[in-house]
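Notes to accompany the following structure.
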Amino acid sequence: MATITAQTLLDRNNWATTDIHATAVTALTRVEYLIDDAIDYINGEAGTTISNMGGGGAGSKTVTVTAAQAPIVRALAALLVRAYLDKGPNVGIGGLGVTAIISDPQYKLHMMMIMQGINRLRGRSFVRT
């Protein structure tokens, strides 16, 4: 079993609450929403019943997942946070294009982990060629 919090997700990815452009509690709450979004997506795709975050007030919620679920939840939540950070609080692309994001090695690795993990949680096995 693994416990995931907004702060541990930020710490694992070397992000600070100030990167979210909000007060600490508001930043952690925004990350909690993104973790819940990741969980909802995984539940919908894999047919799992992972609970959303709970057990605390805004900025201090947790979710406990299995060892098999943890890397997929963390990877998808990290991509959602990264998309939020790249977008920023204001909508604007600047010099960043879709090609730059898709060709990013971290994006490719996370997407591979997420897709393989969702298939594994569905109970399907496959051989990568």
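In the structure tokens, each chain is lettered A, B, ... as it comes, each chain's residues begin at 1, and ligands are numbered from 1 in order of appearance.
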Could you pull the residues within 6 Å of segment 28-41 of chain A, counting only C-alpha atoms, minus those fewer than 6 positions along the same chain, as a VMD selection string? chain A and resid 6 52 58 to 59 76 to 77
Please, could you write that set of residues out with N, CA and C atoms as a compact mmCIF listing (two decimals), in the first residue's frame?
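Here's the written file again-v4.txt:
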```
# COMPACT_ATOMS: atom_id res chain seq x y z
N ALA A 6 -0.69 15.55 -1.92
CA ALA A 6 -0.29 16.58 -2.88
C ALA A 6 1.16 16.97 -2.65
N ASN A 52 -11.22 8.63 -4.17
CA ASN A 52 -10.62 9.95 -4.28
C ASN A 52 -9.99 10.33 -2.96
N ALA A 58 -8.64 20.92 3.18
CA ALA A 58 -8.00 21.36 1.94
C ALA A 58 -6.49 21.45 2.13
N GLY A 59 -5.76 20.81 1.24
CA GLY A 59 -4.31 20.84 1.30
C GLY A 59 -3.68 19.74 2.14
N LEU A 76 0.28 9.78 -13.87
CA LEU A 76 -0.76 10.56 -14.52
C LEU A 76 -0.97 11.89 -13.79
N ALA A 77 -0.96 11.86 -12.47
CA ALA A 77 -1.11 13.10 -11.70
C ALA A 77 0.05 14.05 -11.99
```
Shell around segment 65-75 of chain A at 6 Å using only C-alpha atoms, local window under 6 positions removed, as number ranges by chain: A: 1-2, 110, 114, 117
Write the residues you've just listed into a file as a PDB file, in the first residue's frame, and include N, CA and C atoms for each of them.
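The new file part03.pdb reads:
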```
ATOM      1  N   MET A   1       0.845  -1.180   0.000  1.00  0.00           N
ATOM      2  CA  MET A   1       0.000   0.000   0.000  1.00  0.00           C
ATOM      3  C   MET A   1       0.889   1.241   0.000  1.00  0.00           C
ATOM      4  N   ALA A   2       0.395   2.285  -0.639  1.00  0.00           N
ATOM      5  CA  ALA A   2       1.130   3.545  -0.711  1.00  0.00           C
ATOM      6  C   ALA A   2       0.156   4.692  -0.460  1.00  0.00           C
ATOM      7  N   HIS A 110       6.205   8.704 -19.166  1.00  0.00           N
ATOM      8  CA  HIS A 110       4.995   8.681 -18.343  1.00  0.00           C
ATOM      9  C   HIS A 110       3.817   8.088 -19.105  1.00  0.00           C
ATOM     10  N   ILE A 114       1.703   4.887 -17.966  1.00  0.00           N
ATOM     11  CA  ILE A 114       0.274   5.023 -17.716  1.00  0.00           C
ATOM     12  C   ILE A 114      -0.517   4.007 -18.536  1.00  0.00           C
ATOM     13  N   GLY A 117       0.222   0.503 -17.339  1.00  0.00           N
ATOM     14  CA  GLY A 117      -0.362   0.338 -16.012  1.00  0.00           C
ATOM     15  C   GLY A 117      -1.868   0.183 -16.056  1.00  0.00           C
TER      16      GLY A 117
END
```
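Closest approach to Trp15 of chain A among A:Met53, A:Ala27, A:Met115, A:Ile42 is made by A:Ala27 (distances from only C-alpha atoms).
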Any chance you could list, as JSON, numbers by chain, the residues in segment 47-77 of chain A that come up helix (DSSP H, G or I) when DSSP is run on the backbone? {"A": [70, 71, 72, 73, 74, 75, 76, 77]}
Filtering to N, CA and C atoms, could you give me those residues as a tab-separated table (two decimals), in the first residue's frame?
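File written: result_20.tsv
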```tsv
chain	number	residue	atom	x	y	z
A	70	ALA	N	-0.20	2.68	-7.43
A	70	ALA	CA	0.57	3.88	-7.06
A	70	ALA	C	1.36	4.50	-8.22
A	71	PRO	N	2.16	3.73	-8.97
A	71	PRO	CA	2.94	4.37	-10.03
A	71	PRO	C	2.09	4.98	-11.14
A	72	ILE	N	0.92	4.38	-11.40
A	72	ILE	CA	0.07	4.90	-12.45
A	72	ILE	C	-0.60	6.19	-11.98
A	73	VAL	N	-1.10	6.20	-10.75
A	73	VAL	CA	-1.71	7.42	-10.21
A	73	VAL	C	-0.68	8.54	-10.16
A	74	ARG	N	0.52	8.24	-9.67
A	74	ARG	CA	1.56	9.27	-9.57
A	74	ARG	C	1.97	9.80	-10.94
A	75	ALA	N	2.15	8.89	-11.91
A	75	ALA	CA	2.59	9.32	-13.24
A	75	ALA	C	1.55	10.19	-13.92
A	76	LEU	N	0.28	9.78	-13.87
A	76	LEU	CA	-0.76	10.56	-14.52
A	76	LEU	C	-0.97	11.89	-13.79
A	77	ALA	N	-0.96	11.86	-12.47
A	77	ALA	CA	-1.11	13.10	-11.70
A	77	ALA	C	0.05	14.05	-11.99
```
Identify which of the residues A:Gln116, A:Thr18, A:Gln7, A:Thr64 lies closest to Ser51 of chain A, counting only C-alpha atoms when measuring atom-to-atom distances.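 Of A:Gln116, A:Thr18, A:Gln7, A:Thr64, the one nearest Ser51 of chain A, counting only C-alpha atoms, is A:Thr64.
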Which one of A:Met112, A:His21, A:Arg120, A:Tyr107 sits closest to Arg82 of chain A if you count only C-alpha atoms?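 Ranked by minimum distance to Arg82 of chain A, first place goes to A:Tyr107.
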Could you state the separation of atom CA of Asp11 of chain A and atom CA of Ala78 of chain A in Å, given to one decimal place?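 That distance, rounded to one decimal, is 10.8 Å.
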